[in-house]
Each structure stands twice: as C-alpha cells, then as structure tokens.
Amino acid sequence: MKYILLFAICLFMTVHRVPAQTKRPNIIFIFSDDHAYQAISAYGSQLAQTPNIDRIAREGVLFTHAMVTNSICGPSRATLLTGKYSHKNGYPLNEQKFDVNQTLFPRLLQENGYQTAWIGKWHLGNLPQGFDYWRILPGQGNYYNPDFISKEDTARIPGYVTNIISDLSFNWLNNRDTCKPFMLVIGEKATHREWLPDLQDLGAYDNVTFPLPETFHDDYMGRDAAGHQDMTVDKTMRLMEDLKVHVDYTKSFFRRFTPDQQRPFAAYYDGITREFDSLHLTGDALVQWKFQRYLKDYLSTAHSLDRNIGRILHYLDSTGLAANTVVIYASDQGFYMGEHGWFDKRFMYEESLRTPFMIRYPGVVKPGTRNDAFLLNIDWAPGILDMAGVKVPADMQGKSFVPLLKGDKGWRNAMYYHYYEFPQPHHVSPHFGIRTAQYKLIRFYGAEHGWELFDMKKDPGEVNNLYGRKGYEQITAKLKVQLKQLILQYDDKDALKEL
Ligand code: CA
C-alpha cells in the first residue's frame with residue numbers, strides 16, 4: 001500500500017510539474033583512471049579479457065577514436081565537469097584547486113530536476129559542487145581501507161576501494177529520491193599507479209608472458225621531448241612502490257593493510273621478491289622483468305574494475321533500472337602499456353591521447369555499434385546535458401555526441417590537444433597539436449622547442465618524425481593553418497604565442 005501511494009505521488013508530481021520530461025533517462029558515468037584501451041578486450045586487447053566492460057560495448061556503441069584534450073587526471077575531470085579546454089576552465093595541471101563555482105554540467109542537471117551524485121575519486125583539490133550527494137576519496141585515495149570525505153565527515157572504510165565504491169553507489173541508488181531521474185558519476189580509483197590488486201586477484205596473470213610492444217625499445221631518434229621524459233619502465237618505475245619487491249610494510253601506503261590483508265598480500269609478493277633475488281637480472285633482462293611485473297599488477301588491478309562493472313550492470317538489471325538508464329564507460333585518459341618503453345600518459349601520442357569511451361543507451365543506440373568519430377572529452381558534458389533534455393550553454397566548447405548516437409555522420413575531422421604540466425612529475429615538455437585522420441602535428445615548447453609530424457597510416461607507432469623532411473612541406477604548411485584555426489576557435493592565447 002505504501003509503495004502504491006508513493007508511486008501515485010510520484011506520478012502526480014511528474015505529470016503536473018515536468019510533463020515533457022517523464023522519459024528522461026537516468027545516467028551512470030563510470031569514470032576509471034588511467035585505464036588503457038589496450039587493456040580492454042572490446043578494443044581488441046591482446047593482454048586481457050574484460051567481459052563486463054565489453055558488455056557495455058556489445059549492448060551499445062564503442063568509440064574507437066575517443067580522445068582527451070589534456071592527458072592527465074585532474075584536468076580530464078575538470079573538462080568532464082565543464083565541457084571546456086583546460087585554458088578555459090582554469091585547471092591545466094594536477095594538484096591545484098578547481099574553481100567549483102563555474103558552470104558545471106551536474107548543476108545544470110540539478111536545476112532541471114535531476115538528482116546528482118559523485119562517488120569515488122574526485123581529485124580536484126576542492127569539495128564538489130553541483131551534486132546532491134558526494135562521497136569522495138581525498139586526493140588520489142588508497143586501494144586498501146580508503147578514507148572517504150562526505151559532507152559530514154572523513155571516515156575510513158575497511159576493504160578494497162573498487163568494491164567499496166560500488167557498495168556506496170548501490171547504497172545511494174537504493175536510497176535516492178525515486179521521483180527524479182538521476183545522474184551518478186562513479187569515480188574509480190583503478191587503475192591508477194601504484195597498482196595494488198584486490199587480494200582475490202593476486203596472481204591472476206602469473207601464467208602469462210606478455211608480448212613486448214613493437215616500440216618498447218624506442219630510441220627516440222628525432223624526438224627530443226620523448227627522449228627526455230621521466231616515465232620509462234627502465235628508469236622511472238620503482239621496484240618497491242610500483243612492483244612490490246622487498247616491501248617495507250611500515251612505509252607509505254603499505255602501512256594501511258590490516259594484519260588479515262597484509263598476510264596474503266605479503267605471502268604473494270615475498271614470492272615475487274624471492275624470484276627477483278634469485279635471478280640477479282641486469283640490463284635489458286631486468287627491464288623486461290619489470291615490464292612483465294608491471295603488466296601483471298596493472299591488469300590484476302583492472303580485474304576488480306571489470307568485475308565491479310559487472311556488479312553495476314547486474315544491479316541495474318535486477319532493479320529494473322537498466323531499460324531507462326544510460327551507462328557510459330570512460331577513462332580519464334589512456335595509458336602506456338610499455339609502448340615507447342613507458343608507463344604513464346601526458347604525450348599526444350595515441351596511447352595517451354585516446355581513451356576508452358562507450359555508451360549503452362537502450363532504445364537509442366543500436367547494440368554492437370562502432371563509431372570512429374573524434375569524440376573529445378569536451379563533448380562529454382554537452383552530450384550528457386543533451387540526453388537529459390537540458391540546453392547546452394553556449395560557452396561550452398564541446399558538442400553534444402547525441403547526433404552521433406543516432407547515426408549522424410557530420411562531425412569534426414581534426415582535433416586539438418594541449419598539455420601543460422612540467423617539469424614534475426615525469427618531465428614531459430608542454431606541447432599542443434592537431435590530429436587529423438591521417439596526420440598528427442605536435443608543437444613542443446618550453447623545455448624542448450620543436451615540431452613533430454607523423455603519418456598515422458604509415459607509422460601508427462609514431463616513431464618516424466617527418467617534420468622538415470623533403471616532400472612533407474605542403475602537408476606541414478596545411479596542418480599549421482588548420483592548427484592555427486583550431487587555436488583561434490578555442491581561444492587558446494598561450495598556444496598562439498608559441499606557433
Ligand atoms: Ca588518470
């Protein structure tokens with residue numbers, strides 16, 4: 001009786017207050033961190049199987065060329081919230097305070113009758129605005145027994161972060177105001193460094209030997225910025241913090257384990273340490289050993305991410321929400337799985353420029369669709385607003401992706417990128433550039449002055465810098481004109497000075 005009454009009240013309110021909005025979808029945006037498309041089987045991964053993420057693609061659309069406009073964590077979140085490039089939303093670097101008083105898409109949803117929530121990693125140096133509910137990790141957060149900040153307090157929650165973020169999400173969904181549609185961002189910590197797998201996933205890839213990427217032994221010839229970075233598996237990746245060799249459990253995040261967690265964790269990694277000690281590796285053999293361990297830890301951490309996405313999809317099935325809920329899966333950027341000898345992101349090269357992006361939108365998207373449009377992270381906020389029937393503000397720089405979902409072919413044929421953070425961490429020189437279907441032109445400035453030009457069809461690994469080579473004068477001049485047009489279009493004054 002109580003439920004019939006509640007239903008009647010909802011129906012009455014819906015009919016009388018927002019008659020045109022009764023079919024507005026719920027939206028769940030699952031936003032992982034540093035999850036490479038090379039690690040997702042829907043993208044043809046040779047490294048791992050991700051059946052639950054693949055299900056979103058199978059039942060929706062997979063974007064093969066989704067890209068970010070500044071490939072690091074905080075700036076990607078700022079762009080998600082604002083639909084703007086970093087130079088317009090004031091958040092070009094990590095570890096600043098994001099201005100939460102500017103126009104944010106969740107606030108516009110709120111003003112138009114949506115209930116909004118952000119649960120999980122936020123990492124914008126400030127507390128969220130525009131959300132009815134939020135519960136966030138402080139900074140990067142922890143994999144084990146993480147603290148969570150809410151409007152009321154900061155509290156430690158026992159367990160493994162990816163499981164906890166799902167549990168908190170289900171809890172909010174169970175207790176939400178069912179009269180309103182909702183938009184929930186599930187901000188995953190996985191698969192950010194340092195990769196700590198859930199206990200049940202330790203050793204998940206022990207029997208696998210991963211193939212080296214073709215560019216693993218890149219000599220960076222003709223690419224000075226690539227040669228001077230600090231993000232190689234060889235030199236930058238640390239044996240203890242990153243690969244858990246000779247762990248000191250009194251240090252850093254290793255202190256967070258309970259005895260019951262530390263016991264199996266230490267048992268596993270003591271075995272790895274013994275193996276490491278017995279091999280006495282040096283030179284390339286050591287680098288290759290580190291690469292294998294890196295991938296094993298990274299992919300074991302992703303195992304829990306995929307399993308929890310399965311839990312989220314199952315929740316939507318079992319509550320009857322699936323039919324009217326859009327599910328988006330995205331990472332904040334891509335990541336290097338050993339390509340160019342690297343981990344991390346930042347460069348405008350494909351592995352970190354592109355990011356996983358897929359949408360399940362029942363009744364609108366034909367299941368199993370693939371789309372190769374240059375969908376950018378500035379388009380995410382406009383697309384979400386459009387799905388919710390909310391007008392997109394004129395100063396958002398992206399475009400709604402909804403026409404793409406409905407089969408529209410008209411879209412940008414060139415994209416603009418700008419990266420800033422330098423020198424720490426990872427010493428990647430600031431750069432901006434343009435990518436078209438066939439070419440990529442990058443301008444490095446600051447520490448490394450120079451240009452790079454790649455033919456993406458002939459050289460998808462981006463090792464052969466064609467800039468200044470005979471025969472490429474015309475295409476270079478044409479790309480520079482196009483690049484300047486994009487810089488003017490997006491009003492990037494800093495880039496204009498460096499052309
Ligand atoms: Ca990230």
# chains A, B, ... in the order shown; residues from 1 in each chain; ligands from 1
>>> closest_atom_pairs(of="chain A", to="ligand 1", cutoff="8 Å", atoms="only C-alpha atoms and all ligand atoms", output="tab-separated table")
residue	atom	partner	partner_atom_place_in_ligand_line	distance
A:Ser32	CA	ligand 1	1 (Ca)	7.8
A:Asp33	CA	ligand 1	1 (Ca)	4.3
A:Asp34	CA	ligand 1	1 (Ca)	4.2
A:His35	CA	ligand 1	1 (Ca)	7.8
A:Ser71	CA	ligand 1	1 (Ca)	7.6
A:Ile72	CA	ligand 1	1 (Ca)	5.3
A:Cys73	CA	ligand 1	1 (Ca)	3.7
A:Gly74	CA	ligand 1	1 (Ca)	7.4
A:Ser76	CA	ligand 1	1 (Ca)	7.7
A:His192	CA	ligand 1	1 (Ca)	6.5
A:Ser331	CA	ligand 1	1 (Ca)	7.3
A:Asp332	CA	ligand 1	1 (Ca)	5.1
A:Gln333	CA	ligand 1	1 (Ca)	5.7
A:Gly334	CA	ligand 1	1 (Ca)	7.7
A:Lys345	CA	ligand 1	1 (Ca)	7.9
>>> write_last_selection(atoms="N, CA and C atoms", output="short mmCIF file (atom, residue, chain, number, x, y, z; two decimals), in the first residue's frame")
data_model
loop_
_atom_site.label_atom_id
_atom_site.label_comp_id
_atom_site.auth_asym_id
_atom_site.auth_seq_id
_atom_site.Cartn_x
_atom_site.Cartn_y
_atom_site.Cartn_z
N SER A 32 36.84 5.61 -14.96
CA SER A 32 38.03 4.99 -14.38
C SER A 32 39.24 5.91 -14.56
N ASP A 33 40.37 5.47 -14.04
CA ASP A 33 41.56 6.32 -14.03
C ASP A 33 42.73 5.57 -14.65
N ASP A 34 43.26 6.11 -15.73
CA ASP A 34 44.43 5.50 -16.37
C ASP A 34 44.15 4.11 -16.95
N HIS A 35 42.92 3.84 -17.33
CA HIS A 35 42.62 2.52 -17.89
C HIS A 35 42.82 2.54 -19.41
N SER A 71 46.07 15.17 -21.40
CA SER A 71 46.06 13.79 -20.91
C SER A 71 46.64 13.64 -19.50
N ILE A 72 45.97 14.20 -18.50
CA ILE A 72 46.25 13.85 -17.10
C ILE A 72 44.96 13.91 -16.29
N CYS A 73 45.07 13.39 -15.05
CA CYS A 73 43.89 13.05 -14.26
C CYS A 73 42.98 14.24 -13.95
N GLY A 74 43.47 15.20 -13.14
CA GLY A 74 42.63 16.32 -12.70
C GLY A 74 42.06 17.11 -13.87
N SER A 76 41.42 16.23 -16.82
CA SER A 76 40.37 15.49 -17.54
C SER A 76 39.05 15.56 -16.77
N HIS A 192 44.85 3.43 -11.40
CA HIS A 192 45.95 4.38 -11.20
C HIS A 192 47.12 3.71 -10.48
N SER A 331 37.61 6.27 -19.42
CA SER A 331 38.75 6.52 -18.54
C SER A 331 39.11 8.00 -18.67
N ASP A 332 39.83 8.53 -17.68
CA ASP A 332 40.19 9.96 -17.75
C ASP A 332 41.24 10.23 -18.82
N GLN A 333 41.95 9.23 -19.23
CA GLN A 333 42.82 9.25 -20.41
C GLN A 333 43.32 7.85 -20.65
N GLY A 334 44.10 7.70 -21.70
CA GLY A 334 44.73 6.40 -21.95
C GLY A 334 46.00 6.25 -21.13
N LYS A 345 51.24 8.74 -19.01
CA LYS A 345 50.35 9.30 -20.04
C LYS A 345 50.96 10.59 -20.60
#
>>> residues_around(residues="segment 474-489 of chain A", least_positions_apart="3", cutoff="8 Å", atoms="only C-alpha atoms", output="PyMOL selection string")
chain A and resi 415-416+433-434+441+453+467+471+492-493+495-496+499
>>> atom_distance(atom1="atom CA of Ser166 of chain A", atom2="atom CA of Leu124 of chain A")
20.9 Å
>>> residues_around(residues="Trp122 of chain A", least_positions_apart="2", cutoff="10 Å", atoms="only C-alpha atoms", output="list in words")
Cys73, Gly74, Arg77, Ala78, Trp118, Ile119, Gly120, Leu124, Gly125, Asn126, Leu127, Pro128, Trp134, Arg135, Ile136, Leu137, Pro138, Gly139, Gln140, Gly141, Val185, Ile186, Gly187, Glu188 and Lys189 of chain A
>>> write_last_selection(atoms="C-alpha atoms", output="PDB file, in the first residue's frame")
ATOM      1  CA  CYS A  73      43.890  13.050 -14.255  1.00  0.00           C
ATOM      2  CA  GLY A  74      42.627  16.317 -12.701  1.00  0.00           C
ATOM      3  CA  ARG A  77      37.896  15.638 -14.626  1.00  0.00           C
ATOM      4  CA  ALA A  78      37.727  19.433 -14.919  1.00  0.00           C
ATOM      5  CA  TRP A 118      29.627  11.772  -7.437  1.00  0.00           C
ATOM      6  CA  ILE A 119      31.060   8.778  -5.592  1.00  0.00           C
ATOM      7  CA  GLY A 120      34.750   7.825  -5.586  1.00  0.00           C
ATOM      8  CA  LEU A 124      40.286  18.344  -7.901  1.00  0.00           C
ATOM      9  CA  GLY A 125      41.701  19.872  -4.703  1.00  0.00           C
ATOM     10  CA  ASN A 126      38.305  21.149  -3.651  1.00  0.00           C
ATOM     11  CA  LEU A 127      34.977  19.782  -2.452  1.00  0.00           C
ATOM     12  CA  PRO A 128      32.345  19.013  -5.099  1.00  0.00           C
ATOM     13  CA  TRP A 134      29.005  13.118  -2.890  1.00  0.00           C
ATOM     14  CA  ARG A 135      31.432  10.863  -1.167  1.00  0.00           C
ATOM     15  CA  ILE A 136      34.971  11.216  -2.429  1.00  0.00           C
ATOM     16  CA  LEU A 137      38.478   9.916  -1.882  1.00  0.00           C
ATOM     17  CA  PRO A 138      40.914  12.526  -0.591  1.00  0.00           C
ATOM     18  CA  GLY A 139      43.388  13.256  -3.420  1.00  0.00           C
ATOM     19  CA  GLN A 140      44.453  10.029  -5.103  1.00  0.00           C
ATOM     20  CA  GLY A 141      42.879   7.935  -2.355  1.00  0.00           C
ATOM     21  CA  VAL A 185      29.383   9.590 -11.606  1.00  0.00           C
ATOM     22  CA  ILE A 186      31.179   6.518 -10.274  1.00  0.00           C
ATOM     23  CA  GLY A 187      34.760   7.749  -9.964  1.00  0.00           C
ATOM     24  CA  GLU A 188      37.001   4.712  -9.914  1.00  0.00           C
ATOM     25  CA  LYS A 189      40.493   4.804  -8.433  1.00  0.00           C
TER      26      LYS A 189
END
>>> residues_around(residues="segment 395-403 of chain A", least_positions_apart="3", cutoff="8 Å", atoms="only C-alpha atoms", output="PyMOL selection string")
chain A and resi 82-85+375-387+392+406-408+490
>>> atom_distance(atom1="atom CA of Glu421 of chain A", atom2="atom CA of Tyr294 of chain A")
24.2 Å
>>> atom_distance(atom1="atom CA of Leu108 of chain A", atom2="atom CA of Trp411 of chain A")
25.0 Å
>>> residues_around(residues="Ala42 of chain A", least_positions_apart="4", cutoff="12 Å", atoms="only C-alpha atoms", output="ChimeraX atom specification")
/A:36-38,46-64,329,356-358,368-370
>>> write_last_selection(atoms="C-alpha atoms", output="PDB file, in the first residue's frame")
ATOM      1  CA  ALA A  36      44.234   1.878 -21.270  1.00  0.00           C
ATOM      2  CA  TYR A  37      42.143   0.803 -24.266  1.00  0.00           C
ATOM      3  CA  GLN A  38      44.966  -1.686 -24.957  1.00  0.00           C
ATOM      4  CA  GLN A  46      45.835  -8.978 -26.621  1.00  0.00           C
ATOM      5  CA  LEU A  47      46.608  -8.563 -22.914  1.00  0.00           C
ATOM      6  CA  ALA A  48      43.370  -9.101 -21.001  1.00  0.00           C
ATOM      7  CA  GLN A  49      39.732 -10.131 -21.129  1.00  0.00           C
ATOM      8  CA  THR A  50      37.213  -7.598 -19.784  1.00  0.00           C
ATOM      9  CA  PRO A  51      33.828  -9.281 -20.271  1.00  0.00           C
ATOM     10  CA  ASN A  52      31.788  -6.785 -18.279  1.00  0.00           C
ATOM     11  CA  ILE A  53      33.178  -3.667 -19.915  1.00  0.00           C
ATOM     12  CA  ASP A  54      32.765  -5.474 -23.224  1.00  0.00           C
ATOM     13  CA  ARG A  55      29.097  -5.982 -22.414  1.00  0.00           C
ATOM     14  CA  ILE A  56      28.555  -2.189 -22.438  1.00  0.00           C
ATOM     15  CA  ALA A  57      30.112  -2.056 -25.900  1.00  0.00           C
ATOM     16  CA  ARG A  58      28.180  -5.107 -27.102  1.00  0.00           C
ATOM     17  CA  GLU A  59      24.877  -3.614 -25.967  1.00  0.00           C
ATOM     18  CA  GLY A  60      25.759  -0.088 -27.066  1.00  0.00           C
ATOM     19  CA  VAL A  61      28.321   1.874 -29.059  1.00  0.00           C
ATOM     20  CA  LEU A  62      32.104   1.732 -28.763  1.00  0.00           C
ATOM     21  CA  PHE A  63      34.028   4.828 -29.819  1.00  0.00           C
ATOM     22  CA  THR A  64      37.307   3.755 -31.376  1.00  0.00           C
ATOM     23  CA  TYR A 329      32.224   3.854 -19.513  1.00  0.00           C
ATOM     24  CA  PRO A 356      38.152   4.178 -23.771  1.00  0.00           C
ATOM     25  CA  PHE A 357      34.633   5.519 -24.285  1.00  0.00           C
ATOM     26  CA  MET A 358      31.437   3.544 -24.783  1.00  0.00           C
ATOM     27  CA  GLY A 368      27.119  -3.569 -31.179  1.00  0.00           C
ATOM     28  CA  THR A 369      27.741  -0.271 -32.969  1.00  0.00           C
ATOM     29  CA  ARG A 370      31.282   1.034 -33.527  1.00  0.00           C
TER      30      ARG A 370
END
>>> closest_residue(among="A:Asp277, A:Glu452, A:Asp248, A:Asp306", to="Tyr349 of chain A", atoms="only C-alpha atoms")
A:Glu452
>>> select_by_dssp(residues="segment 143-190 of chain A", states="strand (DSSP E or B)", output="list in words")
Tyr144, Asp147, Phe148, Ile149, Thr154, Ala155, Arg156, Tyr160, Phe182, Met183, Leu184, Val185, Ile186 and Gly187 of chain A
>>> residues_around(residues="segment 338-342 of chain A", least_positions_apart="4", cutoff="7 Å", atoms="only C-alpha atoms", output="list in words")
Pro213, Thr215, Phe216, His217, Asp218, Met231, Thr232, Val233 and Phe291 of chain A
>>> write_last_selection(atoms="C-alpha atoms", output="PDB file, in the first residue's frame")
ATOM      1  CA  PRO A 213      55.043  -3.782 -27.677  1.00  0.00           C
ATOM      2  CA  THR A 215      58.014   0.281 -29.766  1.00  0.00           C
ATOM      3  CA  PHE A 216      59.239  -0.996 -26.378  1.00  0.00           C
ATOM      4  CA  HIS A 217      62.874  -0.375 -27.347  1.00  0.00           C
ATOM      5  CA  ASP A 218      62.187   3.016 -28.909  1.00  0.00           C
ATOM      6  CA  MET A 231      58.360   7.791 -17.386  1.00  0.00           C
ATOM      7  CA  THR A 232      60.184   4.676 -18.520  1.00  0.00           C
ATOM      8  CA  VAL A 233      59.694   1.182 -17.160  1.00  0.00           C
ATOM      9  CA  PHE A 291      57.621  -4.835 -17.744  1.00  0.00           C
TER      10      PHE A 291
END
>>> residues_around(residues="segment 24-26 of chain A", least_positions_apart="2", cutoff="8 Å", atoms="only C-alpha atoms", output="ChimeraX atom specification")
/A:21-22,28,181-183,324-326,387-389
>>> select_by_dssp(residues="segment 255-489 of chain A", states="helix (DSSP H, G or I)", output="PyMOL selection string")
chain A and resi 255-256+259-279+283-318+322-324+339-341+350-353+377-387+402-405+473-489
>>> closest_atom_pairs(of="segment 451-484 of chain A", to="segment 221-226 of chain A", cutoff="9 Å", atoms="only C-alpha atoms", output="CSV")
residue,atom,partner,partner_atom,distance
A:Trp451,CA,A:Arg223,CA,8.6
A:Glu452,CA,A:Arg223,CA,7.2
A:Val463,CA,A:Met221,CA,7.7
A:Asn464,CA,A:Gly222,CA,7.6
A:Asn465,CA,A:Gly222,CA,6.1
A:Leu466,CA,A:Gly222,CA,8.9
>>> closest_residue(among="A:Lys296, A:Arg263, A:His303, A:His65", to="Thr209 of chain A", atoms="only C-alpha atoms")
A:Lys296
